[in-house]
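The structure appears below as structure tokens.
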Amino acid sequence: MRLSLLKGIRPLDRAGALRDAMAGATLASMNIPQVLGYARIAGMPAVTGLYTVLLPLVAFAIFGASRHLVVAADSATATIFASRLATMAPVASAKYAALAGVVAMQTAALLLIARIFKLGFLADFLSRTVLVGFLAGVGVQVGIAMLGDMFGVTVTTRHSIEQLGQVLDQLPHAQLPTLAISALVVACILAFKHFMPRLPIALFAVVASIAASYTYHFAGHGIAVIGPVAGGLPSLHWPLVGWRESLELLPTSASCFAMIIAQSAAASRAFAERYREPVDIDSDILGIATANAAAAVTGAFVVNGSPTQTAMAERAGARSQVAQLVFAAVVVVVLLFLSGTLQYLPHCVLAGIVFTIAVGLVNVQSLIAIRRESPGEFTLALFTAASVVVIGVEQGILLAVALSLLRHVRHSYRPHTTMLEPGADSRWLPAPATPGAETAPGLIVYRFGADLFYANDHFFVDEVRELVERAPNPVRWFVVDAGAITDLDYSAARTVSELCETLTQRQVQVVFARVNQYLHSDMVRHGIAGVIGETRIFRTLHEALAVVAADESVQARQEV
């Protein structure tokens, strides 16, 4: 494994460095309130949100390849591990923090393994449809989780449906000042995000609420505040828990790993293509692995290549990882000199900020586009979202991966099949394979739209037999257009070989056209070439049809 450091920074000129430095400062003003909110989602002390944008940012800038990807705390991964850790230790406790550190370290180890074995392609196994549904489910779950703090009522469960029920039951006891502040924060952030997206309104809300809380003593009037926040830089330490607990956390870490692979690869690819830059997913995986290791030893939690924060950095003008390094420098200043003021931050303000983040995770435009273009995939997206809310985030991500794979397998199991039929001007045109149709008297040209394997070989055989038996004229030639078939496993080979033998006995000549070298090797190895004859296997459809035409001409002359 060769290392090439600082790929996200090099090359860099003076003008570019100045531009990125200004973008980094702007990014810090927009993102610091968000990472505090992500710490709230994660069930961690607020200051640990700042830790995620310190050494992890620096680690990715050194080892990663993307010039744009922002690796920091993220709502999706925070929700994934928080849903599990809350069942193992009290939220925000020292034990909880240690467990969070172990999840980050295990995630780093999984990412490192993925880099060593070049498993970046795993990102392709989580479809965009399912990812949209998963994030929508996370958004709904996080939004519900924030309602307790926004209404000023007590919520004692981590299950979304039960949380919603508890909030509704306690509505008569909601604290009106807390609710008013929450509603004002949410309304301002959503409105300014629509009309003035570059304005760091969340930062203004944090600063204004801290000032008001300090001046008017919110805590004394029943408005809950964060309380004392540890200042200074994080200390380096190895998260320690028992072996049994470490093993219990592996599924959670694997879920975080899957989400990181999918989201980071998607964000890295999208922004690299926008600026016509090379994509190196494996190097980015290494960068995120080191970032998570840095998070683990600094008391933080899992970090991810966040698409939303990457988009914010791009809008701020960032074009290299220099912006992220400046962001980290701003965080150092906050930790050293301004952490004491965070103790006055009202919980309802932080909950309001997180609620707006949750709203942003529900990508309504993408859901509408999916519904318009593919109603079946829209149903899949909604099912994934509902699973996350009802079953849980950790189970939801695993189900999302399974559904993505199942969708692919389903397409391969029941692929599109077509056949050539007579059209205008005596030309043959592709049409759905329909029993009772033929390409020409005595000829059927049939195309199978996927590889042949054990799960779909019977579908292939049944359709071929039905096309032959219900053809309007006795079939003499059956041409298989194998342009979409690149592979043939043992089970499918046996089934196809038996079919060819049956058709040959019925005086039907079976021809395979557009056979690539890999499929040809499979047909020879499995004996299919011996059944139909090497002279019935062609590289192009034109060659196959020429042989058919020549034979038909001979037959016609003999009949005369």
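Here's how to read the names in the structure tokens: chain A, B, ... by the order shown, residue numbers from 1 in each chain, ligand numbers from 1 in the order shown.
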* If we count only C-alpha atoms, what is near A:Ile370 at a cut-off of 10 Å, once residues fewer than 3 positions away on the same chain are taken out, given as a list in words? ->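 Non-adjacent residues within range: Arg128, Thr129, Val132, Val364, Gln365, Ser366, Leu367, Glu373, Ser374, Pro375, Gly376, Glu377, Phe378, Thr379 and Ala381 of chain A.
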Convert the current residue selection to file output with C-alpha atoms, as a PDB file, in the first residue's frame.
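Output file result04.pdb is given in full below:
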ATOM      1  CA  ARG A 128     -28.940   6.049  -4.078  1.00  0.00           C
ATOM      2  CA  THR A 129     -32.647   5.260  -3.695  1.00  0.00           C
ATOM      3  CA  VAL A 132     -32.232   8.709   0.295  1.00  0.00           C
ATOM      4  CA  VAL A 364     -38.147  15.900  -0.521  1.00  0.00           C
ATOM      5  CA  GLN A 365     -36.990  16.831  -4.022  1.00  0.00           C
ATOM      6  CA  SER A 366     -35.144  13.540  -4.443  1.00  0.00           C
ATOM      7  CA  LEU A 367     -38.119  11.581  -3.121  1.00  0.00           C
ATOM      8  CA  GLU A 373     -39.400   8.243 -12.413  1.00  0.00           C
ATOM      9  CA  SER A 374     -39.653   4.910 -10.565  1.00  0.00           C
ATOM     10  CA  PRO A 375     -42.672   4.285  -8.288  1.00  0.00           C
ATOM     11  CA  GLY A 376     -41.284   0.891  -7.268  1.00  0.00           C
ATOM     12  CA  GLU A 377     -38.028   2.409  -6.020  1.00  0.00           C
ATOM     13  CA  PHE A 378     -40.012   5.141  -4.260  1.00  0.00           C
ATOM     14  CA  THR A 379     -41.827   2.435  -2.300  1.00  0.00           C
ATOM     15  CA  ALA A 381     -37.188   4.316  -0.196  1.00  0.00           C
TER      16      ALA A 381
END
* In stretch 311-559 of chain A, what's helix (DSSP H, G or I) per DSSP? Answer as a PyMOL selection string? -> chain A and resi 311-316+322-344+347-361+364-373+375-390+393-413+424-426+457-469+490-505+517-525+528-532+534-536+541-559
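Atom CA of A:Phe383 is positioned 7.6 Å from atom CA of A:Gly133.
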* To do: Write out as a list in words the residues lying within 6 Å of A:Asn292, counting only C-alpha atoms and excluding same-chain residues fewer than 5 positions away.
  => Ala104, Ala108, Val302 and Val303 of chain A
How would the residues just picked look written out with N, CA and C atoms as a compact mmCIF listing (two decimals), in the first residue's frame?
# COMPACT_ATOMS: atom_id res chain seq x y z
N ALA A 104 -15.48 4.25 17.32
CA ALA A 104 -14.66 5.00 16.38
C ALA A 104 -13.40 4.23 16.00
N ALA A 108 -12.45 2.70 12.39
CA ALA A 108 -11.16 3.01 11.75
C ALA A 108 -10.48 1.73 11.28
N VAL A 302 -17.38 8.84 16.21
CA VAL A 302 -17.21 8.52 14.79
C VAL A 302 -17.39 9.74 13.90
N VAL A 303 -16.48 9.90 12.94
CA VAL A 303 -16.58 10.97 11.96
C VAL A 303 -16.82 10.37 10.58
* Of the residues A:Phe134, A:Phe117, A:Phe301, A:Trp238, which is the one nearest to A:Val53, using only C-alpha atoms? ->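 Between A:Phe134, A:Phe117, A:Phe301, A:Trp238, the residue approaching A:Val53 most closely is A:Phe301.
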